[in-house]
Every structure is written in C-alpha cells, then in structure tokens.
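Colleague: One file is attached below, structure23.cif, containing mmCIF, C-alpha atoms.
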data_input
#
loop_
_atom_site.label_atom_id
_atom_site.label_comp_id
_atom_site.auth_asym_id
_atom_site.auth_seq_id
_atom_site.Cartn_x
_atom_site.Cartn_y
_atom_site.Cartn_z
CA MET A 148 95.17 108.28 64.62
CA GLY A 149 92.24 108.71 67.04
CA SER A 150 90.51 105.61 65.71
CA GLU A 151 93.63 103.47 65.29
CA ILE A 152 93.44 100.40 67.49
CA LEU A 153 96.40 99.30 69.58
CA TYR A 154 94.78 96.18 71.07
CA ASP A 155 91.55 94.68 69.76
CA LEU A 156 90.48 92.37 72.55
CA SER A 157 86.88 91.96 71.39
CA PRO A 158 84.44 91.00 72.76
CA MET A 159 85.99 92.37 75.97
CA VAL A 160 87.68 95.68 75.21
CA ARG A 161 89.33 97.80 72.53
CA ILE A 162 92.31 99.96 73.37
CA TYR A 163 93.26 102.76 70.97
CA LYS A 164 96.65 104.28 70.30
CA ASN A 165 95.48 107.69 71.50
CA GLY A 166 94.78 106.18 74.95
CA ARG A 167 91.02 105.79 74.59
CA VAL A 168 89.61 102.63 76.17
CA GLU A 169 86.35 101.16 74.88
CA ARG A 170 85.15 98.56 77.36
CA LEU A 171 82.58 96.26 75.78
CA VAL A 172 81.66 94.27 78.91
CA GLY A 173 81.48 94.93 82.63
CA THR A 174 80.38 98.54 82.29
CA GLU A 175 77.00 98.25 84.00
CA THR A 176 76.88 99.12 87.68
CA VAL A 177 74.38 98.76 90.53
CA ASP A 178 74.14 100.69 93.78
CA PRO A 179 74.66 99.07 97.18
CA SER A 180 71.40 98.08 98.80
CA PHE A 181 69.58 95.67 101.06
CA ASP A 182 68.98 92.47 99.10
CA GLU A 183 65.69 91.01 100.27
CA LYS A 184 66.33 87.65 98.64
CA THR A 185 69.53 86.96 100.59
CA GLY A 186 69.07 89.24 103.60
CA VAL A 187 72.43 90.89 102.87
CA GLU A 188 73.12 94.58 103.34
CA SER A 189 75.83 96.37 101.31
CA LYS A 190 77.46 99.78 101.27
CA ASP A 191 80.38 101.41 99.48
CA VAL A 192 83.48 102.55 101.33
CA THR A 193 86.64 104.45 100.60
CA ILE A 194 89.60 102.36 101.67
CA GLU A 195 92.01 104.62 103.46
CA TRP A 196 93.77 104.79 106.78
CA GLY A 197 91.72 106.11 109.65
CA PRO A 198 93.20 108.02 112.59
CA THR A 199 94.74 104.79 113.91
CA PRO A 200 96.98 103.06 111.34
CA TRP A 201 98.08 99.45 111.63
CA TYR A 202 101.19 100.26 113.66
CA HIS A 203 99.43 102.51 116.17
CA GLY A 204 100.47 101.67 119.72
CA LEU A 205 103.10 99.17 118.59
CA LEU A 206 106.08 101.42 118.03
CA GLY A 207 107.15 105.05 118.03
CA THR A 208 104.89 106.10 120.92
CA LYS A 209 107.53 107.65 123.20
CA THR A 210 108.48 111.28 122.55
CA VAL A 211 111.19 113.70 123.71
CA ASP A 212 111.39 117.46 123.45
CA PRO A 213 113.97 119.22 121.23
CA SER A 214 117.04 120.39 123.10
CA PHE A 215 120.76 121.08 123.04
CA GLU A 216 122.58 117.79 123.54
CA LYS A 217 125.83 118.38 125.41
CA LYS A 218 127.30 114.98 124.45
CA THR A 219 127.18 115.64 120.71
CA GLY A 220 126.98 119.42 120.65
CA VAL A 221 123.88 119.23 118.46
CA GLU A 222 120.94 121.63 118.78
CA SER A 223 117.42 120.58 117.74
CA LYS A 224 114.07 122.34 117.37
CA ASP A 225 110.61 121.48 116.06
CA ALA A 226 109.23 122.97 112.85
CA ILE A 227 105.94 122.85 110.96
CA ILE A 228 106.27 121.24 107.56
CA ALA A 229 103.59 122.01 104.97
CA PRO A 230 101.53 118.91 104.18
CA VAL A 231 102.08 117.04 100.95
CA PRO A 232 99.21 117.81 98.51
CA LYS A 233 98.36 114.12 98.09
CA PRO A 234 98.61 111.36 100.72
CA TRP A 235 101.04 108.52 100.09
CA TYR A 236 98.33 105.92 100.09
CA PRO A 237 96.28 105.04 96.99
CA VAL A 238 92.65 105.95 96.41
CA VAL A 239 90.87 102.61 96.55
CA SER A 240 87.18 101.83 96.96
CA GLY A 241 85.27 98.75 97.91
CA ARG A 242 81.82 97.40 98.61
CA LEU A 243 81.09 95.92 102.01
CA TYR A 244 78.54 93.14 102.50
CA ILE A 245 77.04 91.83 105.72
CA PRO A 246 74.02 89.69 106.65
CA ARG A 247 71.60 92.24 108.08
CA ASP A 248 70.94 90.02 111.12
CA ALA A 249 74.61 90.31 112.07
CA ILE A 250 74.43 94.10 112.52
CA GLY A 251 74.16 94.77 116.24
CA SER A 252 74.71 91.10 117.06
CA LEU A 253 77.39 89.92 119.49
CA GLN A 254 78.49 87.26 117.01
CA LYS A 255 81.71 87.96 115.13
CA LEU A 256 81.68 86.67 111.56
CA PRO A 257 84.61 85.54 109.38
CA VAL A 258 85.77 88.06 106.79
CA LEU A 259 86.06 87.53 103.04
CA VAL A 260 88.22 89.86 100.95
CA TYR A 261 87.19 89.41 97.31
CA TYR A 262 89.13 90.44 94.19
CA HIS A 263 87.12 90.51 90.96
CA GLY A 264 88.39 89.25 87.61
CA GLY A 265 88.46 90.82 84.17
CA GLY A 266 92.08 90.57 83.07
CA PHE A 267 92.92 93.66 85.16
CA ILE A 268 91.09 95.72 82.52
CA VAL A 269 87.32 95.11 82.63
CA GLU A 270 84.67 94.61 85.33
CA THR A 271 84.36 96.40 88.68
CA ALA A 272 83.21 95.67 92.20
CA TRP A 273 80.01 97.59 91.33
CA SER A 274 78.91 95.37 88.43
CA PRO A 275 75.64 93.45 88.87
CA THR A 276 77.53 90.23 88.13
CA TYR A 277 79.76 90.60 91.18
CA HIS A 278 77.20 92.39 93.34
CA ASN A 279 74.69 89.55 92.98
CA TYR A 280 77.34 86.86 93.42
CA LEU A 281 78.71 88.46 96.60
CA ASN A 282 75.19 88.80 98.02
CA ALA A 283 74.65 85.08 97.54
CA LEU A 284 78.09 84.05 98.79
CA VAL A 285 77.88 86.20 101.91
CA ALA A 286 74.45 84.79 102.76
CA GLU A 287 75.54 81.17 102.22
CA ALA A 288 78.80 81.47 104.13
CA ASN A 289 77.54 83.89 106.82
CA VAL A 290 80.53 86.19 106.50
CA VAL A 291 81.34 89.87 106.25
CA ALA A 292 82.85 90.61 102.83
CA ILE A 293 84.60 93.43 101.08
CA SER A 294 84.79 93.40 97.30
CA VAL A 295 87.82 95.47 96.31
CA ASP A 296 87.54 97.91 93.41
CA TYR A 297 91.20 98.16 92.49
CA ARG A 298 92.24 100.57 89.76
CA ARG A 299 92.33 99.01 86.30
CA ALA A 300 94.69 98.96 83.38
CA PRO A 301 95.46 100.38 80.91
CA GLU A 302 94.75 103.74 82.58
CA HIS A 303 96.54 102.39 85.64
CA PRO A 304 98.89 99.66 84.40
CA LEU A 305 100.21 96.92 86.63
CA PRO A 306 101.47 96.84 89.32
CA VAL A 307 98.78 99.37 90.40
CA ALA A 308 96.05 96.69 90.79
CA TYR A 309 98.42 94.59 92.89
CA GLU A 310 99.34 97.51 95.12
CA ASP A 311 95.71 98.59 95.57
CA SER A 312 94.68 95.04 96.46
CA LEU A 313 97.43 94.63 99.03
CA PHE A 314 96.58 98.02 100.47
CA ALA A 315 92.95 96.93 100.87
CA LEU A 316 94.03 93.88 102.88
CA GLU A 317 96.20 96.07 105.09
CA TRP A 318 93.17 98.36 105.55
CA VAL A 319 91.16 95.39 106.82
CA ALA A 320 94.01 94.66 109.26
CA SER A 321 93.79 98.23 110.56
CA HIS A 322 90.57 97.18 112.32
CA SER A 323 92.26 94.51 114.46
CA ALA A 324 92.12 96.61 117.63
CA GLY A 325 88.46 97.46 117.08
CA ASN A 326 89.08 101.12 116.30
CA GLY A 327 89.46 101.16 112.53
CA PRO A 328 87.57 103.48 110.20
CA GLU A 329 84.72 101.06 109.33
CA GLU A 330 82.23 100.15 112.06
CA TRP A 331 81.00 96.91 110.45
CA LEU A 332 84.53 95.54 110.64
CA ASN A 333 85.11 96.88 114.15
CA SER A 334 81.90 95.40 115.56
CA CYS A 335 81.00 92.38 113.44
CA ALA A 336 84.22 90.91 112.03
CA ASN A 337 86.32 88.05 113.36
CA LEU A 338 89.72 89.14 112.09
CA LYS A 339 91.29 85.87 113.17
CA LYS A 340 89.44 84.33 110.22
CA VAL A 341 90.11 86.45 107.12
CA PHE A 342 89.77 84.59 103.84
CA LEU A 343 90.76 85.81 100.39
CA ALA A 344 88.98 84.83 97.19
CA GLY A 345 89.22 85.93 93.59
CA ASP A 346 88.45 84.76 90.10
CA SER A 347 90.74 84.97 87.07
CA ALA A 348 92.85 88.13 87.51
CA GLY A 349 91.59 88.27 91.09
CA ALA A 350 93.13 84.86 91.73
CA ASN A 351 96.37 86.09 90.17
CA ILE A 352 96.28 88.98 92.65
CA ILE A 353 96.01 86.55 95.56
CA ASN A 354 99.15 84.77 94.39
CA TYR A 355 100.95 88.12 94.11
CA ILE A 356 99.98 89.18 97.62
CA GLY A 357 101.03 85.82 99.05
CA THR A 358 104.53 86.11 97.59
CA ARG A 359 105.16 89.76 98.44
CA LEU A 360 103.40 90.28 101.74
CA ASP A 361 105.09 91.92 104.70
CA ILE A 362 103.33 90.02 107.48
CA LYS A 363 104.03 92.79 109.99
CA ARG A 364 101.50 94.88 108.10
CA LEU A 365 98.81 92.31 108.83
CA ASN A 366 99.39 92.49 112.56
CA GLY A 367 96.30 91.34 114.46
CA ILE A 368 94.62 89.30 111.72
CA GLU A 369 95.00 85.73 110.55
CA VAL A 370 94.39 84.25 107.10
CA PRO A 371 93.45 80.55 107.41
CA GLY A 372 93.16 80.10 103.64
CA VAL A 373 92.63 81.55 100.19
CA MET A 374 90.45 80.55 97.24
CA MET A 375 91.68 80.96 93.67
CA VAL A 376 88.96 80.41 91.07
CA HIS A 377 90.08 79.91 87.44
CA PRO A 378 93.40 81.68 88.08
CA TYR A 379 94.85 83.83 85.31
CA PHE A 380 98.33 82.40 84.76
CA TRP A 381 100.21 81.94 81.50
CA GLY A 382 103.64 81.14 80.08
CA ASN A 383 105.80 81.34 76.99
CA HIS A 384 105.57 77.65 76.21
CA PRO A 385 102.33 75.62 76.19
CA LEU A 386 101.89 73.02 78.88
CA PRO A 387 101.04 69.45 77.86
CA SER A 388 97.44 69.47 76.54
CA GLU A 389 97.28 73.29 76.67
CA THR A 390 96.17 74.99 73.48
CA CYS A 391 98.80 75.69 70.83
CA ASP A 392 96.37 77.65 68.66
CA PRO A 393 98.20 80.88 67.73
CA LYS A 394 95.04 83.00 67.69
CA THR A 395 93.95 81.86 71.14
CA ARG A 396 97.39 82.29 72.66
CA SER A 397 97.75 85.69 71.03
CA PHE A 398 94.52 86.90 72.65
CA TYR A 399 95.71 86.04 76.17
CA GLU A 400 99.14 87.46 75.47
CA MET A 401 97.77 90.76 74.16
CA PHE A 402 95.57 91.03 77.23
CA TRP A 403 98.62 90.66 79.44
CA HIS A 404 100.62 93.25 77.48
CA ALA A 405 97.72 95.70 77.62
CA ALA A 406 97.54 95.35 81.40
CA ASN A 407 101.30 95.37 81.97
CA PRO A 408 103.14 97.27 79.20
CA LYS A 409 106.47 96.96 81.01
CA THR A 410 106.25 93.18 81.35
CA THR A 411 109.26 91.04 80.55
CA GLY A 412 106.94 88.71 78.62
CA TYR A 413 104.80 85.65 79.28
CA ASP A 414 107.35 84.12 81.63
CA ASP A 415 107.14 87.24 83.76
CA PRO A 416 106.83 85.95 87.37
CA LEU A 417 103.64 88.00 87.72
CA ILE A 418 101.85 85.84 85.13
CA ASN A 419 103.93 82.64 85.35
CA PRO A 420 104.42 81.65 89.01
CA GLY A 421 106.75 78.86 87.90
CA LYS A 422 109.30 81.57 87.12
CA ASP A 423 108.90 83.34 90.44
CA PRO A 424 111.73 82.63 92.92
CA ARG A 425 109.47 83.88 95.73
CA ILE A 426 106.85 81.17 95.25
CA SER A 427 108.49 78.83 97.77
CA SER A 428 107.81 81.41 100.48
CA LEU A 429 104.12 81.79 99.57
CA TYR A 430 102.53 83.11 102.77
CA TRP A 431 99.25 81.23 102.47
CA LYS A 432 99.15 77.98 104.40
CA LYS A 433 96.04 76.62 102.71
CA VAL A 434 94.98 77.19 99.11
CA LEU A 435 91.90 76.04 97.19
CA VAL A 436 92.33 76.16 93.41
CA CYS A 437 89.19 75.76 91.30
CA VAL A 438 89.35 75.07 87.56
CA ALA A 439 86.80 74.55 84.79
CA GLY A 440 87.01 71.64 82.36
CA LYS A 441 86.71 73.69 79.15
CA ASP A 442 88.69 76.71 80.34
CA VAL A 443 91.83 77.56 78.37
CA LEU A 444 93.41 78.45 81.72
CA ARG A 445 92.56 75.05 83.26
CA TYR A 446 96.02 73.58 82.80
CA ARG A 447 97.74 76.56 84.41
CA GLY A 448 95.50 76.22 87.45
CA LEU A 449 96.26 72.52 87.81
CA PHE A 450 99.97 73.11 87.22
CA TYR A 451 100.05 75.56 90.13
CA LYS A 452 100.19 72.64 92.59
CA THR A 453 103.15 71.13 90.73
CA ILE A 454 104.95 74.47 90.85
CA LEU A 455 104.39 74.92 94.57
CA ARG A 456 105.61 71.44 95.42
CA ALA A 457 108.62 71.59 93.08
CA LEU A 458 109.78 74.90 94.52
CA GLY A 459 109.46 73.93 98.16
CA TRP A 460 106.11 75.20 99.44
CA TYR A 461 104.71 72.94 102.15
CA GLY A 462 101.19 74.24 102.68
CA VAL A 463 97.92 72.45 101.97
CA LEU A 464 96.55 72.72 98.43
CA GLU A 465 93.06 71.54 97.53
CA GLU A 466 91.60 71.36 94.02
CA MET A 467 88.13 71.35 92.53
CA GLU A 468 87.30 70.87 88.87
CA SER A 469 83.95 71.69 87.27
CA PRO A 470 83.65 69.34 84.27
CA GLY A 471 82.24 70.67 81.01
CA GLU A 472 82.34 74.29 82.14
CA ASP A 473 84.20 77.33 80.81
CA HIS A 474 85.95 80.30 82.36
CA VAL A 475 83.97 82.02 85.19
CA PHE A 476 80.86 80.02 84.27
CA HIS A 477 79.59 80.40 87.85
CA LEU A 478 79.27 84.17 87.39
CA LEU A 479 77.46 83.86 84.08
CA ASN A 480 75.05 81.15 85.26
CA PRO A 481 75.10 81.23 89.09
CA THR A 482 72.08 78.95 89.49
CA GLY A 483 73.47 76.15 87.30
CA GLU A 484 74.22 72.80 88.90
CA ASN A 485 77.99 73.13 88.76
CA ALA A 486 77.86 76.77 89.92
CA VAL A 487 75.88 75.70 92.97
CA LYS A 488 78.46 72.99 93.69
CA LEU A 489 81.27 75.50 93.38
CA MET A 490 79.50 77.90 95.74
CA LYS A 491 79.08 75.13 98.29
CA ARG A 492 82.78 74.26 98.05
CA LEU A 493 83.79 77.86 98.70
CA VAL A 494 81.40 78.07 101.64
CA SER A 495 82.69 74.77 103.05
CA PHE A 496 86.28 75.99 102.77
CA MET A 497 85.46 79.03 104.91
CA ASN A 498 83.36 77.10 107.42
CA GLU A 499 85.46 73.97 107.88
CA ASP A 500 86.28 74.75 111.50
CA GLU A 501 82.61 75.20 112.35
CA ASP A 502 81.72 71.95 110.60
CA LYS A 503 84.05 69.87 112.80
#
Just give me the structure of the file as structure tokens.

Modeller:
Amino acid sequence: MGSEILYDLSPMVRIYKNGRVERLVGTETVDPSFDEKTGVESKDVTIEWGPTPWYHGLLGTKTVDPSFEKKTGVESKDAIIAPVPKPWYPVVSGRLYIPRDAIGSLQKLPVLVYYHGGGFIVETAWSPTYHNYLNALVAEANVVAISVDYRRAPEHPLPVAYEDSLFALEWVASHSAGNGPEEWLNSCANLKKVFLAGDSAGANIINYIGTRLDIKRLNGIEVPGVMMVHPYFWGNHPLPSETCDPKTRSFYEMFWHAANPKTTGYDDPLINPGKDPRISSLYWKKVLVCVAGKDVLRYRGLFYKTILRALGWYGVLEEMESPGEDHVFHLLNPTGENAVKLMKRLVSFMNEDEDK
C-alpha cells in the first residue's frame, strides 16, 4: 500500500495513497541575498498581523467600563479569557525584493504581489526559478515585490492556497498607515500602486481573489491592475481548437483533483470562471492576460475575455500572445527573445502612468 500511486503526474509529482508526496520538480531552493547583477536585495518574511491590524483606528476604538445598567437591570464585569493556542490567521511566508538603492531613499516605489505557479502542488517562492525571475523583474520595473509562499496541496488542499494568498494581500494593506510589521513596505512602498501578478496557478489565484475580495480589508491601498500569465483554467468540454486528446486532458484533470479533492469537477467555478456567477463583479479594473502559442492552456486564457464581457464585467482587458512558445517558457528560458518581450510588457503595464 505504501508504494501504491494515487496520482502519477510525472514529470511533475507523484502522490501516493498513503499520503506521501514525491515532488519531481521545484524542490531546489535558494536563500535570499543581494543580487549583484540586478542590484536587488531580498529577504524572507513571515506574513502575519503586526500590533496594528488593518482596521486599527477605523472602528471599535471607544471603550466603556463594566457596570450595572439601571435601564436593563443587567450587570457586567470584565474577565480574563485564556488565549487560544493557535492564532486565527494562517502561517504564510514570503520573500521580499527591493532595489538596494531604494532603501533609505525618499522615493516610494510601486508594489508587486507575486503568486508562483505549479498547479498548486509544486514550486515555491524560494526556488531559483522564481528567485532569479523576481530579481530581474524588480530591477526592470523598479518596484518592491513580495513573492508569496502559499501552502501547497495535497498536504493543504484548496482552498488553502487561495486563503493564504488573499491573506498575504491583506497583510500588504496593513502597512497603509506606515506602521505595519515590515519596514521596507512602511518606508519604501507606494501602496496606491499595488499590482498583482502570477503565472499558471498563480494567475488562477488572482482571478479567485478578484471575485471574492472584501474591499474593506484592503483599506488604504489601490490596485491599478493585475497580470495573469498563462492562467490555469479548464472546463468539462473542450473549447474550439482546444485539445481533445484524452491523455492530455486527463493529466490536467488529475492535477486539479489532486489539488482540490472536494471539487465539483472541471466546471467548478474555481477552475472554470465561465461557471462562476461572481465573475461579473470581478474587482480588478484592468487585467493583462498573457498566453503562449503552443500552450495547452492558451485557449482558456483567450476565452477569459469572452467570459468577462458576456457576464457583464466592464473593466479593461489587454492581451499578449507569445507565438511558438509553451507554458511558462519565460521562466525556463528568461533570456530568450520572447521572454524578454514578455518581461518588457509586464514592466510597461506597471509603469504606464510614469510613461505618460
């Protein structure tokens, strides 16, 4: 039984019936550091509320003493309640990036919140693939970035990754008054320009957040736009020109089941936004969707615009296609011609106001 495989998702991961997970990619990690090539400094952080949560000073600040209330005949008194062993908030980590020249500078830089891909199962924010890409992107765009290390399935099945990712964005918002737990965000971040970006499952996360966000929890920050690179969407029935190959479709469908065992299927709104009644109220006002010409997920990315328009979303949607390229090619070959073009498009999207 110990060696019996539940999901063989080679060459990515094998998941066994006894709960063992054998990740075949994305297991290598690198420490945060100063990257001499890009001039970007990085450090790891624990994402948790500091002494001043997002609502501090906005409500619940007035107090009264316990007493006997003559009107109701009710007596009150204060009592000490033993703390709960674990806090309500999740344990989430992330890696912060900043151009070293910005530390101690009076200039406030835009913020990028990045969600890595990997089908919710493989890769981390610590992998050299993402570490190197974030160094380059931060240097090119001149932004402060946090790469979120959400908890992965199957040990932590969905919706855990969604909840962790939303929590990380709320944590960024907790710095809006300049007294949050992380000094780089307090001193160097322009929280009126917070962008979100993610590839594959990370792009799926951005869609989730945009349809389920309580905007009050982002008090003090503004999100001008989001970037969804090779978004991981699927559906029960193939789109026109989408692959009908049973083996290929089975691979993507097993991946989804492994990440979300309680899913309703491949028309689950979490994987098929066309089935999500909340999509018309997508919070993001500007979305850049990037697809790759040879990517199996290409058609789902392009169809996203059709879905948004058909269901009543009236924001701005921009598209970019990289011809002849496959899924997350820009991470595998970041110096290639099309990867450089994609990088420039992401940078331009974040810097459009400065370019005018």

Colleague: Please list, as a PDB file with C-alpha atoms, in the coordinates of the input, the residues that have an atom at most 7 Å away from (92.3, 100.5, 68.7) in the coordinates of this file, counting only C-alpha atoms.

Modeller:
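Wrote point-v4.pdb, looks like this:
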ATOM      1  CA  SER A 150      90.510 105.610  65.710  1.00  0.00           C
ATOM      2  CA  GLU A 151      93.630 103.470  65.290  1.00  0.00           C
ATOM      3  CA  ILE A 152      93.440 100.400  67.490  1.00  0.00           C
ATOM      4  CA  LEU A 153      96.400  99.300  69.580  1.00  0.00           C
ATOM      5  CA  TYR A 154      94.780  96.180  71.070  1.00  0.00           C
ATOM      6  CA  ASP A 155      91.550  94.680  69.760  1.00  0.00           C
ATOM      7  CA  ARG A 161      89.330  97.800  72.530  1.00  0.00           C
ATOM      8  CA  ILE A 162      92.310  99.960  73.370  1.00  0.00           C
ATOM      9  CA  TYR A 163      93.260 102.760  70.970  1.00  0.00           C
ATOM     10  CA  LYS A 164      96.650 104.280  70.300  1.00  0.00           C
TER      11      LYS A 164
END

Colleague: Please write as a PyMOL selection string the list of polymer residues whose atoms come within 12 Å of (81.2, 88.4, 115.1), counting all atoms listed in the file and keeping to the coordinates of the file.

Modeller: chain A and resi 245-246+248-258+289-291+325+331-340

Colleague: Figure out the distance between atom CA of Thr176 of chain A and atom CA of Phe267 of chain A, please, to one decimal in Å.

Modeller: 17.1 Å

Colleague: If you count only C-alpha atoms, which residues fall within 8 Å of Trp381 of chain A, apart from same-chain ones fewer than 4 positions away, as a list in words?

Modeller: Tyr413, Asp414, Ile418, Asn419, Leu444 and Arg447 of chain A

Colleague: Which residue out of A:Asn383, A:Thr358, A:Asn282, A:Ser347 has the minimum interatomic distance to Val436 of chain A when only C-alpha atoms are used?

Modeller: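 With only C-alpha atoms as the atom set, the closest residue is A:Ser347.
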
Colleague: Using atom CA of Asp346 of chain A and atom CA of Leu386 of chain A as the two end points, give the distance in Å to one decimal.

Modeller: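 So the two atoms, atom CA of Asp346 of chain A and atom CA of Leu386 of chain A, lie 21.1 Å apart.
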
Colleague: Show me, as a tab-separated table (two decimals) with C-alpha atoms, in the coordinates of the input, the residues that have an atom within 7 Å of Gly173 of chain A when counting all atoms listed in the file, minus same-chain residues fewer than 5 positions from it.

Modeller:
chain	number	residue	atom	x	y	z
A	269	VAL	CA	87.32	95.11	82.63
A	270	GLU	CA	84.67	94.61	85.33
A	271	THR	CA	84.36	96.40	88.68
A	274	SER	CA	78.91	95.37	88.43

Colleague: List as a list in words the protein and nucleic acid residues near Tyr262 of chain A, meaning an atom at most 10 Å away when all atoms listed in the file are counted, but skip any in the same chain fewer than 3 places from it.

Modeller: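 In the requested format, the answer is Gly241, Leu259, Thr271, Ala272, Tyr277, Ile293, Ser294, Val295, Asp296, Tyr297, Ala308, Ser312, Leu343, Ala344, Gly345, Asp346, Ser347, Ala348, Gly349, Ala350, Asn351, Ile352, Ile353 and Met375 of chain A.
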
Colleague: Measuring atom to atom with only C-alpha atoms, identify which of A:Tyr244, A:Phe380, A:Trp273, A:Phe215 is nearest to Thr174 of chain A.

Modeller: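 For Thr174 of chain A, the nearest of the given residues is A:Trp273.
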
Colleague: Under the rule that only C-alpha atoms are counted, which of A:Phe314, A:Gly266, A:Lys217, A:Ser323 is the nearest residue to Phe398 of chain A?

Modeller: A:Gly266
